[in-house]
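Engineer: One structure follows; several queries about it will come next.
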Amino acid sequence: MTVGIGIAGAGTIGGALVRRLIDERAAVVAKTGLDLEVRAVAVGDLAKPRPFTVPDGVMTDRPLDLIDDPRIDLIVELIGGTGIAGDLVMGALRAGKPVVTANKELVAARGPALWAAAEAAGADLLFEAAVGGGIPIIRPLSETLAGERIVRVLGIVNGTTNYILSRMADDGATYADALAAAQGLGYAEPDPTADVSGADATSKATILAGLAFGAWIDSAAVHREGIEGIRRADIGFAADLGYVIKLLAVAERTADGVSVRVHPAMVPVRHPLASIRGATNAVFIEGGAVGELLLAGPGAGRGPTTTAVLGDVIDAARGVLAHARVTPRIKIEPADAADFGSIATKWYIRLEVEDRPGVLAAIAAAFGDHGVSIKSVRQEGRGDRATVLVVTHRAPEARQRAAVAAIAGLDVVAEVGAVFRVESDEA
Ligand SMILES: NC(=O)c1ccc[n+]([C@@H]2O[C@H](COP(=O)([O-])OP(=O)(O)OC[C@H]3O[C@@H](n4cnc5c(N)ncnc54)[C@H](OP(=O)(O)O)[C@@H]3O)[C@@H](O)[C@H]2O)c1
């Protein structure tokens, strides 16, 4: 039996998907026994040229019409955003039609409502491409690892920022030059804010935390820091100390509940995430029984993302033919984020100070007064000024902040140049 596919959005991913569904139709039949027929393609501008040819009547600029079109068995949403894409996905699920989407923004913003609608109508919602592009991560977390007690998930889930940080580390590029190179290669948008501010990674962190821990932490409650303030000097100092700076999405189980955060972090060079370079993405999962898993690969781009979407389409089509859901029931309860001030990590702190006797003692005393213990200190003098690099043992955020505020107030300290968390290092 033929399964009728309706695709909303025919841009980078949607256009490539339509083309593959047409070009590889026979190959998909041969491999899966499923005959997938593109019966509607909805776009914003019907006059734009497309990388595929479809019969008359297939193109439309009315995506919501796909919901009630009896020829359409499953809907693929590749418009993006939370506007009409949200109306389409919610409408289709309520109507009992399976939906495939790559839209992390939508899943992060409205995940629980979408799963509730899917559950109520007995429809499938598949979103493998929403996190990590071509890397299988949604299925491993929600199916293969469903019985695992996951302790922590660390992700490099934004290729643009990883490319920028890699260029800064490997080639000594400035932030501005690395960003311009990312834009030149099409990794970064003309307005790169969503990537460099950590907003895109925050959507993915929300989804990863939900699937890993069954806890839905509102994206707005996720602590977020971007990479805009990272200086080449800190990347160099980090390298000297044996670390690489990465933008990490972190979801972890703590004594106070689930913590979800996105921020630059120093990762030891021997950690598997340290070797993830360029636009590559990776998700590192620590489980109580399974141990450590690394899933890595292309996190975006036409080919990899389309492969993930096509896999979801094939899965959803199997459900259509079987008159059954193919996705597991997703049980994710709303939860409060763990108190951020109590989250403990090691810290790297760069201080610009006056180079005179007693300075280090004053700094050490301020750390000690706030219960932050120092692991190592390194000082590099430059005339009457010096750079002091402090790495602490694990200390809660609140204590580190209080200590750094006290240090900033010392008259021998000219500037607190940088404060980074050190992730995934022994105590
Ligand atoms: N690009 C990637 O590497 C990547 C990776 C992972 C996930 N994703 C996700 O995949 C989704 C699609 O991304 P993309 O890069 O393919 O976006 P895109 O190139 O901007 O394509 C968006 C498509 O949506 C259509 N559209 C916009 N408004 C519409 C409306 N009101 N009605 C009907 N169609 C409308 C556009 O029509 P026109 O063509 O007529 O303008 C275009 O075809 C997003 O959720 C994105 O986050 C993308």
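The way I read the labels, and the way they are meant: chains A, B, ... in the order of the structure tokens, residue 1 as the first residue of every chain, and ligand 1 as the first ligand shown, with later ones counted on from there.
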Can you list every residue of chain A that has an atom at most 6 Å from ligand 1, with its nearest atom pair and the distance in Å to one decimal, using only C-alpha atoms and all ligand atoms, ordered by chain then number, as CSV?

Structural biologist:
residue,atom,partner,partner_atom_place_in_ligand_line,distance
A:Ala8,CA,ligand 1,34 (N),5.8
A:Gly9,CA,ligand 1,24 (O),3.5
A:Ala10,CA,ligand 1,43 (O),3.5
A:Gly11,CA,ligand 1,21 (O),3.3
A:Thr12,CA,ligand 1,16 (O),3.7
A:Ile13,CA,ligand 1,16 (O),3.7
A:Gly14,CA,ligand 1,16 (O),5.4
A:Ala42,CA,ligand 1,33 (C),5.0
A:Val43,CA,ligand 1,34 (N),3.4
A:Gly44,CA,ligand 1,40 (O),3.6
A:Asp45,CA,ligand 1,40 (O),3.6
A:Asp61,CA,ligand 1,33 (C),5.4
A:Pro63,CA,ligand 1,33 (C),5.3
A:Leu78,CA,ligand 1,12 (C),4.2
A:Ile79,CA,ligand 1,24 (O),3.5
A:Gly80,CA,ligand 1,45 (O),3.3
A:Ala102,CA,ligand 1,9 (C),4.5
A:Asn103,CA,ligand 1,45 (O),3.4
A:Lys104,CA,ligand 1,47 (O),5.9
A:Ala129,CA,ligand 1,6 (C),5.6
A:Ala130,CA,ligand 1,7 (C),5.3
A:Gly133,CA,ligand 1,6 (C),4.8
A:Ala300,CA,ligand 1,3 (O),3.9
A:Gly301,CA,ligand 1,3 (O),3.6
A:Arg302,CA,ligand 1,3 (O),5.4
A:Thr305,CA,ligand 1,5 (C),5.4

Engineer: Using N, CA, C and O atoms, can you export the residues from the last selection as an mmCIF file, in the first residue's frame?

Structural biologist:
data_model
loop_
_atom_site.group_PDB
_atom_site.id
_atom_site.type_symbol
_atom_site.label_atom_id
_atom_site.label_comp_id
_atom_site.auth_asym_id
_atom_site.auth_seq_id
_atom_site.Cartn_x
_atom_site.Cartn_y
_atom_site.Cartn_z
ATOM 1 N N ALA A 8 5.409 20.168 4.707
ATOM 2 C CA ALA A 8 5.239 21.608 4.866
ATOM 3 C C ALA A 8 6.613 22.229 5.037
ATOM 4 O O ALA A 8 7.300 21.948 6.018
ATOM 5 N N GLY A 9 7.000 23.066 4.070
ATOM 6 C CA GLY A 9 8.331 23.651 4.068
ATOM 7 C C GLY A 9 9.198 22.904 3.085
ATOM 8 O O GLY A 9 9.375 21.685 3.200
ATOM 9 N N ALA A 10 9.726 23.636 2.082
ATOM 10 C CA ALA A 10 10.604 23.009 1.091
ATOM 11 C C ALA A 10 11.842 23.879 0.915
ATOM 12 O O ALA A 10 12.241 24.204 -0.194
ATOM 13 N N GLY A 11 12.442 24.251 2.060
ATOM 14 C CA GLY A 11 13.682 25.029 2.042
ATOM 15 C C GLY A 11 14.863 24.078 2.045
ATOM 16 O O GLY A 11 14.875 23.063 1.332
ATOM 17 N N THR A 12 15.863 24.379 2.878
ATOM 18 C CA THR A 12 17.092 23.573 2.901
ATOM 19 C C THR A 12 16.770 22.095 3.136
ATOM 20 O O THR A 12 17.201 21.226 2.385
ATOM 21 N N ILE A 13 16.012 21.816 4.175
ATOM 22 C CA ILE A 13 15.750 20.417 4.530
ATOM 23 C C ILE A 13 14.537 19.875 3.757
ATOM 24 O O ILE A 13 14.590 18.790 3.179
ATOM 25 N N GLY A 14 13.451 20.645 3.759
ATOM 26 C CA GLY A 14 12.231 20.172 3.079
ATOM 27 C C GLY A 14 12.468 19.928 1.599
ATOM 28 O O GLY A 14 12.017 18.909 1.047
ATOM 29 N N ALA A 42 3.840 22.103 0.873
ATOM 30 C CA ALA A 42 3.392 23.465 1.186
ATOM 31 C C ALA A 42 4.603 24.371 1.370
ATOM 32 O O ALA A 42 5.559 24.002 2.051
ATOM 33 N N VAL A 43 4.567 25.539 0.747
ATOM 34 C CA VAL A 43 5.659 26.509 0.847
ATOM 35 C C VAL A 43 5.074 27.891 1.098
ATOM 36 O O VAL A 43 3.844 28.087 1.024
ATOM 37 N N GLY A 44 5.970 28.852 1.361
ATOM 38 C CA GLY A 44 5.508 30.223 1.561
ATOM 39 C C GLY A 44 5.286 30.923 0.233
ATOM 40 O O GLY A 44 4.309 31.639 0.043
ATOM 41 N N ASP A 45 6.193 30.702 -0.724
ATOM 42 C CA ASP A 45 6.159 31.418 -1.994
ATOM 43 C C ASP A 45 6.139 30.413 -3.140
ATOM 44 O O ASP A 45 7.143 29.775 -3.457
ATOM 45 N N ASP A 61 0.287 26.769 -1.006
ATOM 46 C CA ASP A 61 0.818 27.699 -0.008
ATOM 47 C C ASP A 61 -0.108 27.727 1.223
ATOM 48 O O ASP A 61 -0.132 28.689 1.963
ATOM 49 N N PRO A 63 -0.410 25.428 4.197
ATOM 50 C CA PRO A 63 0.047 24.230 4.934
ATOM 51 C C PRO A 63 -1.019 23.615 5.839
ATOM 52 O O PRO A 63 -1.061 22.383 5.989
ATOM 53 N N LEU A 78 8.559 21.062 8.157
ATOM 54 C CA LEU A 78 9.926 21.579 7.990
ATOM 55 C C LEU A 78 9.891 23.077 7.672
ATOM 56 O O LEU A 78 10.678 23.581 6.865
ATOM 57 N N ILE A 79 8.944 23.762 8.316
ATOM 58 C CA ILE A 79 8.858 25.223 8.170
ATOM 59 C C ILE A 79 9.760 25.879 9.210
ATOM 60 O O ILE A 79 10.516 26.791 8.936
ATOM 61 N N GLY A 80 9.682 25.388 10.424
ATOM 62 C CA GLY A 80 10.489 25.946 11.513
ATOM 63 C C GLY A 80 9.718 27.000 12.294
ATOM 64 O O GLY A 80 8.683 27.505 11.854
ATOM 65 N N ALA A 102 11.578 18.504 12.405
ATOM 66 C CA ALA A 102 12.996 18.694 12.777
ATOM 67 C C ALA A 102 13.120 19.937 13.656
ATOM 68 O O ALA A 102 14.199 20.443 13.866
ATOM 69 N N ASN A 103 11.967 20.400 14.155
ATOM 70 C CA ASN A 103 11.854 21.733 14.751
ATOM 71 C C ASN A 103 12.120 21.720 16.256
ATOM 72 O O ASN A 103 11.208 21.550 17.060
ATOM 73 N N LYS A 104 13.398 21.916 16.629
ATOM 74 C CA LYS A 104 13.739 21.887 18.071
ATOM 75 C C LYS A 104 13.084 23.022 18.834
ATOM 76 O O LYS A 104 12.716 22.881 19.989
ATOM 77 N N ALA A 129 15.541 14.548 14.075
ATOM 78 C CA ALA A 129 16.462 15.561 13.538
ATOM 79 C C ALA A 129 16.499 16.831 14.387
ATOM 80 O O ALA A 129 17.296 17.729 14.117
ATOM 81 N N ALA A 130 15.645 16.909 15.419
ATOM 82 C CA ALA A 130 15.578 18.160 16.185
ATOM 83 C C ALA A 130 16.819 18.381 17.050
ATOM 84 O O ALA A 130 17.143 19.509 17.396
ATOM 85 N N GLY A 133 21.032 16.863 14.493
ATOM 86 C CA GLY A 133 20.930 16.633 13.047
ATOM 87 C C GLY A 133 20.943 15.164 12.670
ATOM 88 O O GLY A 133 19.987 14.431 12.933
ATOM 89 N N ALA A 300 24.064 19.118 11.738
ATOM 90 C CA ALA A 300 23.152 19.912 10.912
ATOM 91 C C ALA A 300 23.535 19.679 9.467
ATOM 92 O O ALA A 300 24.342 18.799 9.154
ATOM 93 N N GLY A 301 22.948 20.469 8.602
ATOM 94 C CA GLY A 301 23.267 20.361 7.173
ATOM 95 C C GLY A 301 22.237 19.519 6.450
ATOM 96 O O GLY A 301 21.562 18.677 7.023
ATOM 97 N N ARG A 302 22.167 19.801 5.152
ATOM 98 C CA ARG A 302 21.115 19.228 4.313
ATOM 99 C C ARG A 302 21.117 17.693 4.332
ATOM 100 O O ARG A 302 20.103 17.074 4.660
ATOM 101 N N THR A 305 20.700 15.929 8.062
ATOM 102 C CA THR A 305 19.391 16.202 8.676
ATOM 103 C C THR A 305 18.291 15.509 7.886
ATOM 104 O O THR A 305 17.341 14.943 8.457
#

Engineer: As number ranges by chain, please: the residues near region 86-99 of chain A (cut-off 9 Å, only C-alpha atoms, same-chain neighbours under 6 positions excluded).

Structural biologist: A: 8, 63-68, 72-77, 80, 106, 110, 113-115, 117-127, 313, 316-317, 319-320, 325

Engineer: DSSP on the backbone: what in region 371-401 of chain A comes out strand (DSSP E), as a PyMOL selection string?

Structural biologist: chain A and resi 374-382+385-392+395-396

Engineer: Quick one: residues within 7 Å of region 239-249 of chain A, only C-alpha atoms, excluding same-chain residues fewer than 2 positions away - as an NGL selection string?

Structural biologist: :A and (154-157 or 161-162 or 165 or 201-202 or 205 or 235-237 or 251 or 261-269 or 274)

Engineer: For the selection just defined, write its residues with N, CA and C atoms to a file, as a tab-separated table (two decimals), in the first residue's frame.

Structural biologist:
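Wrote it out as part_27.tsv, contents follow:
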chain	number	residue	atom	x	y	z
A	154	LEU	N	26.06	15.35	28.54
A	154	LEU	CA	26.83	16.54	28.14
A	154	LEU	C	26.78	16.60	26.62
A	155	GLY	N	26.36	17.73	26.08
A	155	GLY	CA	26.25	17.79	24.62
A	155	GLY	C	26.99	18.96	24.01
A	156	ILE	N	27.65	18.69	22.90
A	156	ILE	CA	28.07	19.77	21.99
A	156	ILE	C	27.01	19.73	20.91
A	157	VAL	N	26.01	20.58	21.03
A	157	VAL	CA	24.81	20.44	20.20
A	157	VAL	C	24.61	21.62	19.25
A	161	THR	N	28.83	27.23	16.98
A	161	THR	CA	29.69	27.66	18.09
A	161	THR	C	30.89	26.72	18.23
A	162	ASN	N	30.70	25.44	17.96
A	162	ASN	CA	31.84	24.54	18.06
A	162	ASN	C	32.85	24.84	16.96
A	165	LEU	N	34.74	28.04	18.14
A	165	LEU	CA	35.70	27.75	19.21
A	165	LEU	C	36.87	26.93	18.69
A	201	ALA	N	21.18	25.95	21.58
A	201	ALA	CA	21.61	24.82	22.43
A	201	ALA	C	20.66	24.64	23.61
A	202	THR	N	20.05	25.74	24.06
A	202	THR	CA	19.12	25.65	25.20
A	202	THR	C	17.88	24.84	24.82
A	205	ALA	N	19.00	21.32	24.90
A	205	ALA	CA	19.24	20.87	26.28
A	205	ALA	C	17.92	20.52	26.96
A	235	ILE	N	41.44	30.75	25.73
A	235	ILE	CA	41.59	29.49	25.01
A	235	ILE	C	43.04	29.01	25.11
A	236	GLY	N	43.98	29.97	25.00
A	236	GLY	CA	45.40	29.63	25.13
A	236	GLY	C	45.75	29.17	26.53
A	237	PHE	N	45.25	29.90	27.55
A	237	PHE	CA	45.53	29.50	28.93
A	237	PHE	C	44.92	28.13	29.21
A	251	ALA	N	22.81	18.38	31.16
A	251	ALA	CA	21.60	17.97	31.91
A	251	ALA	C	22.06	16.92	32.90
A	261	ARG	N	21.61	23.30	31.96
A	261	ARG	CA	22.31	24.56	31.74
A	261	ARG	C	23.11	24.52	30.44
A	262	VAL	N	23.33	25.70	29.89
A	262	VAL	CA	24.14	25.83	28.66
A	262	VAL	C	25.17	26.91	28.93
A	263	HIS	N	26.43	26.59	28.78
A	263	HIS	CA	27.48	27.58	29.04
A	263	HIS	C	28.80	27.08	28.47
A	264	PRO	N	29.74	27.99	28.26
A	264	PRO	CA	31.08	27.52	27.89
A	264	PRO	C	31.68	26.79	29.08
A	265	ALA	N	32.46	25.79	28.81
A	265	ALA	CA	33.08	25.04	29.91
A	265	ALA	C	34.44	24.55	29.45
A	266	MET	N	35.33	24.37	30.43
A	266	MET	CA	36.63	23.80	30.12
A	266	MET	C	36.51	22.29	30.27
A	267	VAL	N	36.90	21.61	29.21
A	267	VAL	CA	36.82	20.15	29.17
A	267	VAL	C	38.25	19.62	29.11
A	268	PRO	N	38.62	18.66	29.96
A	268	PRO	CA	39.98	18.13	29.90
A	268	PRO	C	40.30	17.57	28.52
A	269	VAL	N	41.52	17.77	28.04
A	269	VAL	CA	41.86	17.33	26.67
A	269	VAL	C	41.67	15.83	26.48
A	274	ALA	N	36.46	16.61	24.04
A	274	ALA	CA	37.51	17.58	23.69
A	274	ALA	C	37.93	17.42	22.24

Engineer: What's the 12 Å shell around Asp56 (chain A), counting only C-alpha atoms, without same-chain residues fewer than 6 positions away, as a list of chain:residue names?

Structural biologist: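 Answer for this query is A:Val38, A:Arg39, A:Ala40, A:Val41.
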
Engineer: The selected residues should be written to file as a PDB file, in the first residue's frame (atoms: N, CA and C atoms).

Structural biologist:
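Final file, out36.pdb:
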ATOM      1  N   VAL A  38       4.841  11.500  -2.411  1.00  0.00           N
ATOM      2  CA  VAL A  38       4.677  12.916  -2.038  1.00  0.00           C
ATOM      3  C   VAL A  38       3.380  13.427  -2.659  1.00  0.00           C
ATOM      4  N   ARG A  39       2.403  13.756  -1.827  1.00  0.00           N
ATOM      5  CA  ARG A  39       1.096  14.172  -2.373  1.00  0.00           C
ATOM      6  C   ARG A  39       0.819  15.655  -2.167  1.00  0.00           C
ATOM      7  N   ALA A  40       1.571  16.294  -1.275  1.00  0.00           N
ATOM      8  CA  ALA A  40       1.422  17.745  -1.102  1.00  0.00           C
ATOM      9  C   ALA A  40       2.721  18.316  -0.577  1.00  0.00           C
ATOM     10  N   VAL A  41       3.079  19.491  -1.093  1.00  0.00           N
ATOM     11  CA  VAL A  41       4.253  20.230  -0.605  1.00  0.00           C
ATOM     12  C   VAL A  41       3.800  21.669  -0.379  1.00  0.00           C
TER      13      VAL A  41
END

Engineer: Find the residues around Ser197 (chain A) up to 8 Å (only C-alpha atoms counted), leave out those fewer than 5 positions away in its own chain, and share them as a list of chain:residue names.

Structural biologist: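 Within the cut-off, the hits are A:Arg224, A:Glu225, A:Gly226, A:Ile227, A:Glu228.
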
Engineer: Nearest residue to Ala296 (chain A) out of A:Val28, A:Gly132, A:Ser376, A:Ala85, using only C-alpha atoms?

Structural biologist: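 Going through A:Val28, A:Gly132, A:Ser376, A:Ala85 one by one, the smallest distance to Ala296 (chain A) is for A:Gly132.
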
Engineer: So that I can see what lies close to region 206-211 of chain A, please list as a ChimeraX atom specification the residues with an atom at most 10 Å from it, counting only C-alpha atoms and leaving out residues fewer than 2 positions away in the same chain.

Structural biologist: /A:104-105,107-109,111-112,130-131,137-143,145-146,152-155,201-204,213-222,249-253,258-262,283,330-335

Engineer: Calculated over only C-alpha atoms, which of the candidates A:Lys31, A:Arg356, A:Arg378, A:His393 has the smallest distance to Asp411 (chain A)?

Structural biologist: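 Of the candidates, the smallest distance to Asp411 (chain A) is held by A:Arg356.
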
Engineer: For Ala338 (chain A), please output as an MDAnalysis selection string all residues within 8 Å (counting only C-alpha atoms; exclusion window: fewer than 2 positions along the same chain).

Structural biologist: chainID A and resid 254 256:259 336 340 342:343

Engineer: Given the selection you just returned, output its residues as a file containing C-alpha atoms, formatted as a PDB file, in the first residue's frame.

Structural biologist:
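Result file follows (again.pdb):
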ATOM      1  CA  THR A 254      21.672  16.237  41.299  1.00  0.00           C
ATOM      2  CA  ASP A 256      18.365  18.883  44.424  1.00  0.00           C
ATOM      3  CA  GLY A 257      16.727  17.682  41.222  1.00  0.00           C
ATOM      4  CA  VAL A 258      17.566  17.936  37.558  1.00  0.00           C
ATOM      5  CA  SER A 259      19.935  20.704  36.499  1.00  0.00           C
ATOM      6  CA  ASP A 336      11.541  22.852  38.680  1.00  0.00           C
ATOM      7  CA  PHE A 340      21.411  26.878  40.345  1.00  0.00           C
ATOM      8  CA  SER A 342      23.965  24.832  44.644  1.00  0.00           C
ATOM      9  CA  ILE A 343      25.344  23.292  41.440  1.00  0.00           C
TER      10      ILE A 343
END

Engineer: Kindly indicate which residue among A:Asp35, A:Asp369, A:Glu286, A:Glu354 lies nearest to Ala406 (chain A), using only C-alpha atoms for the distances.

Structural biologist: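 Nearest to Ala406 (chain A): A:Asp369.
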
Engineer: Pick out the closest residue to Pro357 (chain A) from this set: A:Val377, A:Val412, A:Leu34, A:Ile230. Count only C-alpha atoms.

Structural biologist: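 Between A:Val377, A:Val412, A:Leu34, A:Ile230, the residue approaching Pro357 (chain A) most closely is A:Val412.
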
Engineer: Counting only C-alpha atoms, figure out which residue out of A:Glu397, A:Gly381, A:Tyr175, A:Pro136 gets nearest to His223 (chain A).

Structural biologist: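 Between A:Glu397, A:Gly381, A:Tyr175, A:Pro136, the residue approaching His223 (chain A) most closely is A:Glu397.
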
Engineer: Just list as a ChimeraX atom specification whatever in region 241-286 of chain A DSSP marks as helix (DSSP H, G or I).

Structural biologist: /A:241,272-275

Engineer: Could you check which of A:Gly159, A:Arg394, A:Arg270, A:Arg231 is closest to Val422 (chain A), using only C-alpha atoms?

Structural biologist: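 Nearest to Val422 (chain A): A:Arg394.
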